[in-house]
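Novice: There's a structure below that I have some questions on.
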Amino acid sequence: MGATLKDATAIAGIGQTPFARQLPESEKTLACRAIVAALDDAGIAPSEVDAFASYTMEETDEVEIAKAIGAGDLTHFSKVGFGGGGSCATVAHLAAAIATGQASVGVAWRSRKRGSGPRPWKNTRVQLPTPGQWTRPFGLLRPADEIGMLARRYMHEYGATRDHLFNVALACRNRANQNPAAIMYERPLTREMYMTARWISEPLCLFDNCLETDGALACVVVSAERARDCRQRPVYVHSAAQGLPAQHHGMVNYWTDDPLTGPAWTAARHLWKGADLGPQDVDVAQIYDAFTPLIPLSLEGYGFCGRGEGAAFTEGGALEIGGRLPLNTGGGGLSEAYVHGFNLINEGVKQLRGTSTAQVPGAATCLVTAGEGVPTSALLLRS
């Protein structure tokens, strides 16, 4: 798949709504606003849209969105499994459809009212999925509990400390402090604040967990040839991948020989196989950060460092602007907004256009990843 997709398509437009803990509009209204903004950014009329891709957890519907924005006849529409793992795959599905002639103008989106809406795990009347029957009765009720257990295992195996997790939280917060659209804009984080924050699920404190956000984002994918005639500088989809490893068990990864080798490793092998570039060529990364421990695990999975070296990689300002791998330059899920990772896609586009609020000088390549710990996906973007 990677060889046929290589630079064949590009992201031509991006759009988003404001982010807040609570927005008055419905998820459908927010979705339409983000999509129309992305089309306007690209200079493409809604009537030209003939493809949609979103998440299975997306509660807005292609039929209603298409009518509301005034889309044309649709010839491709898909939904990607899972929440945090699905973000990059929505773009990959559109890229594949466009590269093979199934469609010409694709829109991917995510609209969510997580800040003002309910938590999925709170509905105890719903029958537990089979995997949940082996975890939730024993106290692993929330994603934070599951990742907390993985984090404790990682600390035990490799000597990672809370200071390493703080490095991740701080880098994301520092970038959000530069981004007026971020929920944590102008709200600095200190080591003392981090170390004295309340526990959410040990060893994860408040600042190790993503935000609760209302908001929506969208992007427009077209052929590389068409993108060159659009309003904005094209950002090419150089490679794309999904990853669901053998015997995977969501978040906790119980049944594998090594629970710390998650879906990122599977996605990464396919991503780099389909690319002319490697980890050493990545100028900036937008790595899924629902929880701080996902960053060192992803750094290892995508090949930026060796096994067990992800925590140490974060030292010495490595994730800051000017460091070895500037990270989540809009603030990420920890400090900009948590919309199942779609803001990481749009921020990657901004970096390669040169329009980020925390611009990496000369950035020409960007890795964007979806959630580690669940069936995942990734994009390698280039300018």
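Ligands are numbered from 1 in the order shown, chains are lettered A, B, ... in the order of the structure tokens, and residues start at 1 in each chain.
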Determine, counting only C-alpha atoms, which protein, DNA and RNA residues have an atom within 6 Å of an atom of Ile11 in chain A; residues of the same chain fewer than 5 positions away are not included. Present the result as a list of chain:residue names.
Specialist: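 Contacts, in chain order: A:Val220, A:Val221, A:Val235.
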Novice: Please produce an output containing C-alpha atoms for each residue in the selection, written as a PDB file, in the first residue's frame.
Specialist:
ATOM      1  CA  VAL A 220      -9.434  17.817   2.865  1.00  0.00           C
ATOM      2  CA  VAL A 221      -7.485  15.264   0.812  1.00  0.00           C
ATOM      3  CA  VAL A 235       1.266  18.733   2.371  1.00  0.00           C
TER       4      VAL A 235
END
Novice: Please provide as JSON, numbers by chain all residues within 9 Å of Asn209 in chain A, with the sequence filter that same-chain residues fewer than 3 positions apart are discarded (counting only C-alpha atoms).
Specialist: {"A": [144, 169, 200, 204, 205, 206, 289, 290, 291, 292, 333, 334]}
Novice: Since we have the selection now, will you write its residues out, keeping N, CA, C and O atoms, as a PDB file, in the first residue's frame?
Specialist:
ATOM      1  N   ALA A 144      -7.275   5.370  31.882  1.00  0.00           N
ATOM      2  CA  ALA A 144      -6.185   5.819  32.745  1.00  0.00           C
ATOM      3  C   ALA A 144      -5.688   4.687  33.643  1.00  0.00           C
ATOM      4  O   ALA A 144      -4.481   4.585  33.924  1.00  0.00           O
ATOM      5  N   ALA A 169       4.848  16.036  29.632  1.00  0.00           N
ATOM      6  CA  ALA A 169       3.784  16.982  29.960  1.00  0.00           C
ATOM      7  C   ALA A 169       4.243  18.420  29.781  1.00  0.00           C
ATOM      8  O   ALA A 169       3.493  19.272  29.282  1.00  0.00           O
ATOM      9  N   ILE A 200      -4.613  10.418  39.453  1.00  0.00           N
ATOM     10  CA  ILE A 200      -5.771   9.935  38.719  1.00  0.00           C
ATOM     11  C   ILE A 200      -5.776   8.404  38.755  1.00  0.00           C
ATOM     12  O   ILE A 200      -6.779   7.773  39.065  1.00  0.00           O
ATOM     13  N   LEU A 204      -0.012   7.778  37.396  1.00  0.00           N
ATOM     14  CA  LEU A 204      -0.436   8.900  36.564  1.00  0.00           C
ATOM     15  C   LEU A 204      -1.160   9.942  37.403  1.00  0.00           C
ATOM     16  O   LEU A 204      -2.177   9.646  38.037  1.00  0.00           O
ATOM     17  N   CYS A 205      -0.635  11.160  37.370  1.00  0.00           N
ATOM     18  CA  CYS A 205      -1.286  12.262  38.064  1.00  0.00           C
ATOM     19  C   CYS A 205      -2.154  13.045  37.086  1.00  0.00           C
ATOM     20  O   CYS A 205      -2.258  12.704  35.897  1.00  0.00           O
ATOM     21  N   LEU A 206      -2.752  14.106  37.570  1.00  0.00           N
ATOM     22  CA  LEU A 206      -3.649  14.919  36.751  1.00  0.00           C
ATOM     23  C   LEU A 206      -3.009  15.315  35.428  1.00  0.00           C
ATOM     24  O   LEU A 206      -3.643  15.238  34.366  1.00  0.00           O
ATOM     25  N   ASP A 289      -0.958  11.585  22.524  1.00  0.00           N
ATOM     26  CA  ASP A 289      -0.602  11.801  23.928  1.00  0.00           C
ATOM     27  C   ASP A 289      -1.826  11.851  24.834  1.00  0.00           C
ATOM     28  O   ASP A 289      -1.959  12.760  25.649  1.00  0.00           O
ATOM     29  N   ALA A 290      -2.690  10.849  24.720  1.00  0.00           N
ATOM     30  CA  ALA A 290      -3.790  10.789  25.673  1.00  0.00           C
ATOM     31  C   ALA A 290      -3.254  10.652  27.091  1.00  0.00           C
ATOM     32  O   ALA A 290      -3.869  11.124  28.046  1.00  0.00           O
ATOM     33  N   PHE A 291      -2.084  10.006  27.216  1.00  0.00           N
ATOM     34  CA  PHE A 291      -1.395   9.845  28.488  1.00  0.00           C
ATOM     35  C   PHE A 291       0.102   9.976  28.239  1.00  0.00           C
ATOM     36  O   PHE A 291       0.604   9.518  27.210  1.00  0.00           O
ATOM     37  N   THR A 292       0.822  10.579  29.174  1.00  0.00           N
ATOM     38  CA  THR A 292       2.264  10.813  28.959  1.00  0.00           C
ATOM     39  C   THR A 292       3.052   9.545  28.663  1.00  0.00           C
ATOM     40  O   THR A 292       3.974   9.590  27.842  1.00  0.00           O
ATOM     41  N   GLY A 333      -2.923  16.444  22.867  1.00  0.00           N
ATOM     42  CA  GLY A 333      -4.095  16.107  23.645  1.00  0.00           C
ATOM     43  C   GLY A 333      -3.975  16.488  25.101  1.00  0.00           C
ATOM     44  O   GLY A 333      -4.969  16.684  25.795  1.00  0.00           O
ATOM     45  N   LEU A 334      -2.730  16.624  25.571  1.00  0.00           N
ATOM     46  CA  LEU A 334      -2.500  16.987  26.961  1.00  0.00           C
ATOM     47  C   LEU A 334      -2.796  18.452  27.243  1.00  0.00           C
ATOM     48  O   LEU A 334      -3.234  18.796  28.344  1.00  0.00           O
TER      49      LEU A 334
END
Novice: Set out as a Markdown table a contact list for range 112-227 of chain A and range 240-260 of chain A with a cut-off of 9 Å, giving each residue of range 112-227 of chain A that qualifies its closest atom pair and distance in Å to one decimal, counting only C-alpha atoms, ordered by chain and rising residue number.
Specialist:
| residue | atom | partner | partner_atom | distance |
| --- | --- | --- | --- | --- |
| A:Pro131 | CA | A:His249 | CA | 7.2 |
| A:Thr135 | CA | A:Val252 | CA | 8.9 |
| A:Pro143 | CA | A:Met251 | CA | 7.3 |
| A:Glu146 | CA | A:Val252 | CA | 5.7 |
| A:Ile147 | CA | A:Met251 | CA | 6.5 |
| A:Met149 | CA | A:Val252 | CA | 7.5 |
| A:Leu150 | CA | A:Val252 | CA | 6.5 |
| A:Arg153 | CA | A:Leu260 | CA | 8.1 |
| A:Tyr154 | CA | A:Leu260 | CA | 7.1 |
Novice: Next, the residues of the selection above should be written as a PDB file, in the first residue's frame with N, CA, C and O atoms.
Specialist:
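selection18.pdb, freshly written:
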ATOM      1  N   PRO A 131     -13.385  -8.412  26.331  1.00  0.00           N
ATOM      2  CA  PRO A 131     -12.125  -8.069  27.007  1.00  0.00           C
ATOM      3  C   PRO A 131     -12.339  -7.371  28.350  1.00  0.00           C
ATOM      4  O   PRO A 131     -11.600  -7.608  29.300  1.00  0.00           O
ATOM      5  N   THR A 135     -11.045  -7.303  32.964  1.00  0.00           N
ATOM      6  CA  THR A 135     -10.298  -6.181  33.534  1.00  0.00           C
ATOM      7  C   THR A 135     -11.137  -5.330  34.470  1.00  0.00           C
ATOM      8  O   THR A 135     -10.733  -5.061  35.598  1.00  0.00           O
ATOM      9  N   PRO A 143      -9.540   4.033  30.841  1.00  0.00           N
ATOM     10  CA  PRO A 143      -8.268   3.974  30.135  1.00  0.00           C
ATOM     11  C   PRO A 143      -7.085   4.391  31.000  1.00  0.00           C
ATOM     12  O   PRO A 143      -5.997   3.813  30.890  1.00  0.00           O
ATOM     13  N   GLU A 146      -5.777   1.449  32.908  1.00  0.00           N
ATOM     14  CA  GLU A 146      -5.070   0.486  32.067  1.00  0.00           C
ATOM     15  C   GLU A 146      -3.682   0.990  31.691  1.00  0.00           C
ATOM     16  O   GLU A 146      -2.677   0.257  31.787  1.00  0.00           O
ATOM     17  N   ILE A 147      -3.601   2.253  31.263  1.00  0.00           N
ATOM     18  CA  ILE A 147      -2.298   2.811  30.910  1.00  0.00           C
ATOM     19  C   ILE A 147      -1.436   2.988  32.162  1.00  0.00           C
ATOM     20  O   ILE A 147      -0.206   2.856  32.108  1.00  0.00           O
ATOM     21  N   MET A 149      -1.242   0.922  34.561  1.00  0.00           N
ATOM     22  CA  MET A 149      -0.596  -0.367  34.791  1.00  0.00           C
ATOM     23  C   MET A 149       0.561  -0.590  33.822  1.00  0.00           C
ATOM     24  O   MET A 149       1.646  -1.061  34.203  1.00  0.00           O
ATOM     25  N   LEU A 150       0.362  -0.245  32.557  1.00  0.00           N
ATOM     26  CA  LEU A 150       1.458  -0.350  31.588  1.00  0.00           C
ATOM     27  C   LEU A 150       2.625   0.542  31.987  1.00  0.00           C
ATOM     28  O   LEU A 150       3.792   0.163  31.861  1.00  0.00           O
ATOM     29  N   ARG A 153       4.641  -0.996  34.728  1.00  0.00           N
ATOM     30  CA  ARG A 153       5.477  -2.063  34.154  1.00  0.00           C
ATOM     31  C   ARG A 153       6.693  -1.472  33.454  1.00  0.00           C
ATOM     32  O   ARG A 153       7.825  -1.959  33.612  1.00  0.00           O
ATOM     33  N   TYR A 154       6.485  -0.394  32.704  1.00  0.00           N
ATOM     34  CA  TYR A 154       7.590   0.255  31.995  1.00  0.00           C
ATOM     35  C   TYR A 154       8.608   0.825  32.976  1.00  0.00           C
ATOM     36  O   TYR A 154       9.826   0.700  32.777  1.00  0.00           O
TER      37      TYR A 154
END
Novice: Neighbouring residues of range 66-73 of chain A were defined as those with any atom within 12 Å, considering only C-alpha atoms; residues of the same chain fewer than 5 positions away were excluded. Please report them as number ranges by chain.
Specialist: A: 28-40, 44-53, 60-61, 103-107
Novice: What separation in Å, quoted to one decimal, exists between CA of His164 in chain A and CA of Met195 in chain A?
Specialist: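 Computing it gives 11.7 Å between the two atoms.
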Novice: Tell me, counting only C-alpha atoms, for each residue of range 189-293 of chain A within 8 Å of range 356-370 of chain A, which pair of atoms is nearest and how far apart they are in Å to one decimal, in rows ordered by chain and increasing number, as a tab-separated table.
Specialist:
residue	atom	partner	partner_atom	distance
A:Asp281	CA	A:Thr365	CA	7.1
A:Val282	CA	A:Thr365	CA	5.2
A:Asp283	CA	A:Thr365	CA	5.4
A:Val284	CA	A:Cys366	CA	5.0
A:Ala285	CA	A:Leu367	CA	4.8
A:Gln286	CA	A:Val368	CA	4.7
A:Ile287	CA	A:Thr369	CA	5.0
A:Tyr288	CA	A:Ala370	CA	5.3
Novice: Find, counting only C-alpha atoms, the residue in A:Leu327, A:Ala182, A:Cys210, A:Ala378 that gets nearest to Thr266 in chain A.
Specialist: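 Result for the nearest residue to Thr266 in chain A: A:Ala378.
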Novice: With distances taken over only C-alpha atoms, which of A:Ala171, A:His76, A:Pro188, A:Gly354 is nearest to Gly316 in chain A?
Specialist: A:Ala171
Novice: Give me, as a VMD selection string, the residues of range 234-344 of chain A that a backbone DSSP run labels alpha helix (DSSP H).
Specialist: chain A and resid 263 to 273 294 to 301 310 to 313 332 to 335 342 to 344
Novice: Include N, CA, C and O atoms and write out the residues we just selected as a tab-separated table (two decimals), in the first residue's frame.
Specialist:
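Dumped to selection30.tsv:
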chain	number	residue	atom	x	y	z
A	263	PRO	N	0.86	-1.71	19.43
A	263	PRO	CA	0.52	-1.54	18.02
A	263	PRO	C	1.44	-0.60	17.25
A	263	PRO	O	1.55	-0.71	16.03
A	264	ALA	N	2.09	0.35	17.94
A	264	ALA	CA	3.01	1.26	17.25
A	264	ALA	C	4.08	0.50	16.49
A	264	ALA	O	4.48	0.90	15.39
A	265	TRP	N	4.56	-0.59	17.06
A	265	TRP	CA	5.62	-1.36	16.42
A	265	TRP	C	5.14	-1.95	15.10
A	265	TRP	O	5.88	-1.95	14.11
A	266	THR	N	3.91	-2.45	15.08
A	266	THR	CA	3.36	-3.02	13.85
A	266	THR	C	3.13	-1.94	12.80
A	266	THR	O	3.50	-2.10	11.63
A	267	ALA	N	2.54	-0.82	13.20
A	267	ALA	CA	2.30	0.27	12.26
A	267	ALA	C	3.61	0.82	11.72
A	267	ALA	O	3.72	1.13	10.52
A	268	ALA	N	4.60	0.95	12.59
A	268	ALA	CA	5.88	1.56	12.18
A	268	ALA	C	6.56	0.74	11.09
A	268	ALA	O	7.12	1.29	10.13
A	269	ARG	N	6.56	-0.57	11.24
A	269	ARG	CA	7.23	-1.41	10.23
A	269	ARG	C	6.64	-1.16	8.85
A	269	ARG	O	7.36	-1.04	7.85
A	270	HIS	N	5.33	-1.06	8.79
A	270	HIS	CA	4.67	-0.84	7.50
A	270	HIS	C	4.89	0.60	7.02
A	270	HIS	O	5.09	0.84	5.82
A	271	LEU	N	4.86	1.55	7.93
A	271	LEU	CA	5.02	2.95	7.56
A	271	LEU	C	6.38	3.18	6.92
A	271	LEU	O	6.49	3.80	5.85
A	272	TRP	N	7.45	2.71	7.56
A	272	TRP	CA	8.79	2.97	7.05
A	272	TRP	C	9.07	2.13	5.79
A	272	TRP	O	9.81	2.57	4.91
A	273	LYS	N	8.44	0.96	5.69
A	273	LYS	CA	8.61	0.13	4.50
A	273	LYS	C	8.11	0.85	3.25
A	273	LYS	O	8.67	0.70	2.16
A	294	LEU	N	2.49	7.16	26.80
A	294	LEU	CA	2.40	6.75	25.40
A	294	LEU	C	3.52	7.35	24.57
A	294	LEU	O	3.87	6.79	23.52
A	295	ILE	N	4.11	8.45	25.02
A	295	ILE	CA	5.18	9.08	24.25
A	295	ILE	C	6.44	8.22	24.25
A	295	ILE	O	6.95	7.87	23.17
A	296	PRO	N	7.02	7.85	25.40
A	296	PRO	CA	8.21	6.99	25.33
A	296	PRO	C	7.94	5.66	24.64
A	296	PRO	O	8.80	5.16	23.89
A	297	LEU	N	6.76	5.07	24.85
A	297	LEU	CA	6.44	3.82	24.16
A	297	LEU	C	6.41	4.02	22.65
A	297	LEU	O	6.90	3.18	21.88
A	298	SER	N	5.86	5.15	22.19
A	298	SER	CA	5.80	5.43	20.76
A	298	SER	C	7.16	5.79	20.18
A	298	SER	O	7.48	5.41	19.05
A	299	LEU	N	7.96	6.52	20.94
A	299	LEU	CA	9.31	6.85	20.47
A	299	LEU	C	10.10	5.58	20.15
A	299	LEU	O	10.83	5.51	19.16
A	300	GLU	N	9.92	4.56	20.98
A	300	GLU	CA	10.58	3.28	20.74
A	300	GLU	C	9.95	2.56	19.56
A	300	GLU	O	10.64	2.05	18.68
A	301	GLY	N	8.62	2.50	19.54
A	301	GLY	CA	7.93	1.77	18.49
A	301	GLY	C	8.22	2.31	17.10
A	301	GLY	O	8.38	1.53	16.15
A	310	GLY	N	13.11	5.05	25.56
A	310	GLY	CA	12.17	6.14	25.31
A	310	GLY	C	12.12	7.16	26.42
A	310	GLY	O	12.00	8.36	26.17
A	311	ALA	N	12.19	6.70	27.66
A	311	ALA	CA	12.17	7.64	28.79
A	311	ALA	C	13.39	8.54	28.76
A	311	ALA	O	13.28	9.78	28.86
A	312	ALA	N	14.57	7.93	28.61
A	312	ALA	CA	15.80	8.72	28.58
A	312	ALA	C	15.84	9.67	27.40
A	312	ALA	O	16.45	10.75	27.47
A	313	PHE	N	15.17	9.31	26.30
A	313	PHE	CA	15.13	10.17	25.12
A	313	PHE	C	14.55	11.54	25.46
A	313	PHE	O	14.91	12.54	24.84
A	332	GLY	N	-0.92	19.30	21.74
A	332	GLY	CA	-1.36	17.92	21.80
A	332	GLY	C	-2.64	17.71	22.59
A	332	GLY	O	-3.35	18.65	22.95
A	333	GLY	N	-2.92	16.44	22.87
A	333	GLY	CA	-4.10	16.11	23.64
A	333	GLY	C	-3.98	16.49	25.10
A	333	GLY	O	-4.97	16.68	25.80
A	334	LEU	N	-2.73	16.62	25.57
A	334	LEU	CA	-2.50	16.99	26.96
A	334	LEU	C	-2.80	18.45	27.24
A	334	LEU	O	-3.23	18.80	28.34
A	335	SER	N	-2.55	19.32	26.25
A	335	SER	CA	-2.64	20.76	26.56
A	335	SER	C	-3.31	21.62	25.50
A	335	SER	O	-3.62	22.77	25.78
A	342	PHE	N	-7.20	14.21	16.25
A	342	PHE	CA	-7.29	14.87	14.95
A	342	PHE	C	-6.53	16.20	14.95
A	342	PHE	O	-6.02	16.63	13.90
A	343	ASN	N	-6.41	16.84	16.11
A	343	ASN	CA	-5.65	18.09	16.15
A	343	ASN	C	-4.18	17.86	15.82
A	343	ASN	O	-3.49	18.77	15.36
A	344	LEU	N	-3.68	16.64	16.04
A	344	LEU	CA	-2.29	16.33	15.68
A	344	LEU	C	-2.10	16.33	14.17
A	344	LEU	O	-1.04	16.75	13.67
Novice: Name all residues at most 6 Å from Asp7 in chain A (count only C-alpha atoms; drop same-chain ones fewer than 4 positions away) and give them as a PyMOL selection string.
Specialist: chain A and resi 236-238
Novice: Can you measure CA of Asn328 in chain A to CA of Glu225 in chain A for me? One decimal in Å is fine.
Specialist: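 The value is 29.0 Å.
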Novice: So how many Å separate CA of Arg307 in chain A and CA of Glu202 in chain A, to one decimal?
Specialist: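 So the two atoms, CA of Arg307 in chain A and CA of Glu202 in chain A, lie 23.4 Å apart.
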Novice: Can you check which residues of range 39-153 of chain A DSSP gives as strand (DSSP E) on the backbone and send them as a list in words?
Specialist: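 Assigned to strand (DSSP E), within range 39-153 of chain A: Ala51, Phe52, Ala53, Ser54, Tyr55, His76, Phe77, Ser78, Lys79, Val80, Gly106, Val107, Ala108, Trp109, Arg110, Ser111, Arg112 and Lys113 of chain A.
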Novice: Could you dump the residues just selected with all heavy atoms as a compact mmCIF listing (two decimals), in the first residue's frame?
Specialist:
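Okay, this is what ended up in result21.txt:
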# COMPACT_ATOMS: atom_id res chain seq x y z
N ALA A 51 -16.12 12.06 -1.13
CA ALA A 51 -15.64 11.01 -0.25
C ALA A 51 -15.60 11.52 1.19
O ALA A 51 -15.26 12.68 1.44
CB ALA A 51 -14.26 10.54 -0.67
N PHE A 52 -15.93 10.64 2.12
CA PHE A 52 -15.87 10.94 3.54
C PHE A 52 -15.15 9.81 4.27
O PHE A 52 -15.27 8.64 3.88
CB PHE A 52 -17.28 11.06 4.15
CG PHE A 52 -17.96 12.37 3.95
CD1 PHE A 52 -19.28 12.42 3.55
CD2 PHE A 52 -17.31 13.57 4.19
CE1 PHE A 52 -19.95 13.63 3.39
CE2 PHE A 52 -17.96 14.78 4.03
CZ PHE A 52 -19.28 14.82 3.63
N ALA A 53 -14.47 10.15 5.34
CA ALA A 53 -13.91 9.13 6.23
C ALA A 53 -13.94 9.67 7.65
O ALA A 53 -13.59 10.83 7.89
CB ALA A 53 -12.48 8.77 5.84
N SER A 54 -14.37 8.82 8.58
CA SER A 54 -14.41 9.23 9.98
C SER A 54 -14.19 7.99 10.85
O SER A 54 -13.78 6.94 10.37
CB SER A 54 -15.75 9.92 10.32
OG SER A 54 -16.83 9.04 10.11
N TYR A 55 -14.46 8.13 12.13
CA TYR A 55 -14.22 7.06 13.09
C TYR A 55 -15.51 6.29 13.37
O TYR A 55 -16.60 6.86 13.31
CB TYR A 55 -13.77 7.63 14.43
CG TYR A 55 -12.60 8.57 14.49
CD1 TYR A 55 -12.54 9.73 13.74
CD2 TYR A 55 -11.56 8.32 15.38
CE1 TYR A 55 -11.47 10.61 13.85
CE2 TYR A 55 -10.49 9.19 15.52
CZ TYR A 55 -10.46 10.34 14.75
OH TYR A 55 -9.41 11.20 14.88
N HIS A 76 -17.26 7.26 -2.17
CA HIS A 76 -16.48 6.52 -1.17
C HIS A 76 -16.84 7.06 0.21
O HIS A 76 -16.87 8.28 0.41
CB HIS A 76 -14.97 6.69 -1.41
CG HIS A 76 -14.13 6.11 -0.29
ND1 HIS A 76 -13.73 4.81 -0.27
CD2 HIS A 76 -13.65 6.69 0.85
CE1 HIS A 76 -13.03 4.59 0.84
NE2 HIS A 76 -12.97 5.71 1.52
N PHE A 77 -17.10 6.17 1.15
CA PHE A 77 -17.28 6.58 2.54
C PHE A 77 -16.88 5.42 3.43
O PHE A 77 -17.21 4.27 3.16
CB PHE A 77 -18.72 7.04 2.84
CG PHE A 77 -19.79 6.30 2.10
CD1 PHE A 77 -20.47 5.25 2.70
CD2 PHE A 77 -20.14 6.68 0.81
CE1 PHE A 77 -21.46 4.57 2.03
CE2 PHE A 77 -21.14 6.00 0.12
CZ PHE A 77 -21.80 4.93 0.74
N SER A 78 -16.13 5.73 4.48
CA SER A 78 -15.62 4.68 5.35
C SER A 78 -15.53 5.18 6.78
O SER A 78 -15.48 6.39 7.03
CB SER A 78 -14.22 4.22 4.88
OG SER A 78 -13.28 5.27 5.03
N LYS A 79 -15.51 4.24 7.71
CA LYS A 79 -15.29 4.55 9.12
C LYS A 79 -14.19 3.62 9.63
O LYS A 79 -14.18 2.43 9.32
CB LYS A 79 -16.57 4.38 9.94
CG LYS A 79 -17.60 5.48 9.71
CD LYS A 79 -18.81 5.29 10.62
CE LYS A 79 -19.85 6.38 10.38
NZ LYS A 79 -19.66 7.55 11.21
N VAL A 80 -13.31 4.20 10.43
CA VAL A 80 -12.16 3.45 10.95
C VAL A 80 -12.45 3.03 12.38
O VAL A 80 -12.93 3.82 13.19
CB VAL A 80 -10.89 4.32 10.91
CG1 VAL A 80 -9.70 3.54 11.48
CG2 VAL A 80 -10.60 4.77 9.49
N GLY A 106 -11.80 14.27 -0.84
CA GLY A 106 -12.18 13.57 0.38
C GLY A 106 -12.10 14.46 1.60
O GLY A 106 -11.23 15.33 1.70
N VAL A 107 -13.01 14.24 2.53
CA VAL A 107 -13.03 14.96 3.79
C VAL A 107 -13.00 13.96 4.93
O VAL A 107 -13.80 13.02 4.97
CB VAL A 107 -14.29 15.85 3.92
CG1 VAL A 107 -14.44 16.37 5.34
CG2 VAL A 107 -14.23 17.02 2.94
N ALA A 108 -12.06 14.16 5.85
CA ALA A 108 -12.01 13.40 7.11
C ALA A 108 -12.32 14.35 8.24
O ALA A 108 -11.94 15.53 8.18
CB ALA A 108 -10.64 12.76 7.30
N TRP A 109 -12.99 13.86 9.29
CA TRP A 109 -13.35 14.77 10.38
C TRP A 109 -13.53 14.01 11.68
O TRP A 109 -13.69 12.79 11.69
CB TRP A 109 -14.63 15.54 10.03
CG TRP A 109 -15.92 14.82 10.31
CD1 TRP A 109 -16.71 14.94 11.41
CD2 TRP A 109 -16.57 13.85 9.46
NE1 TRP A 109 -17.81 14.12 11.31
CE2 TRP A 109 -17.75 13.45 10.13
CE3 TRP A 109 -16.26 13.31 8.22
CZ2 TRP A 109 -18.62 12.51 9.57
CZ3 TRP A 109 -17.13 12.38 7.67
CH2 TRP A 109 -18.29 12.00 8.34
N ARG A 110 -13.49 14.75 12.77
CA ARG A 110 -13.87 14.24 14.09
C ARG A 110 -14.53 15.36 14.86
O ARG A 110 -13.97 16.45 15.01
CB ARG A 110 -12.64 13.75 14.86
CG ARG A 110 -12.98 13.14 16.24
CD ARG A 110 -13.66 11.80 16.08
NE ARG A 110 -13.83 11.08 17.35
CZ ARG A 110 -15.00 10.92 17.99
NH1 ARG A 110 -16.10 11.47 17.48
NH2 ARG A 110 -15.07 10.22 19.10
N SER A 111 -15.75 15.11 15.32
CA SER A 111 -16.49 16.06 16.14
C SER A 111 -16.83 15.38 17.45
O SER A 111 -17.33 14.25 17.45
CB SER A 111 -17.77 16.49 15.41
OG SER A 111 -18.52 17.39 16.20
N ARG A 112 -16.59 16.08 18.55
CA ARG A 112 -16.75 15.40 19.83
C ARG A 112 -17.11 16.39 20.93
O ARG A 112 -16.53 17.47 21.01
CB ARG A 112 -15.43 14.70 20.19
CG ARG A 112 -15.59 13.63 21.24
CD ARG A 112 -14.31 12.88 21.43
NE ARG A 112 -14.55 11.69 22.25
CZ ARG A 112 -13.70 11.19 23.11
NH1 ARG A 112 -12.53 11.76 23.28
NH2 ARG A 112 -13.99 10.12 23.81
N LYS A 113 -18.04 15.98 21.76
CA LYS A 113 -18.36 16.77 22.95
C LYS A 113 -18.02 15.93 24.18
O LYS A 113 -18.89 15.54 24.96
CB LYS A 113 -19.82 17.21 22.92
CG LYS A 113 -20.15 18.13 21.75
CD LYS A 113 -21.49 18.81 21.90
CE LYS A 113 -21.45 19.87 22.98
NZ LYS A 113 -22.68 20.68 23.02
Novice: Tell me which of A:Ser201, A:Thr130, A:Ser26, A:Thr90 sits closest to Ser116 in chain A, counting only C-alpha atoms.
Specialist: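 Using only C-alpha atoms, the shortest distance to Ser116 in chain A belongs to A:Ser26.
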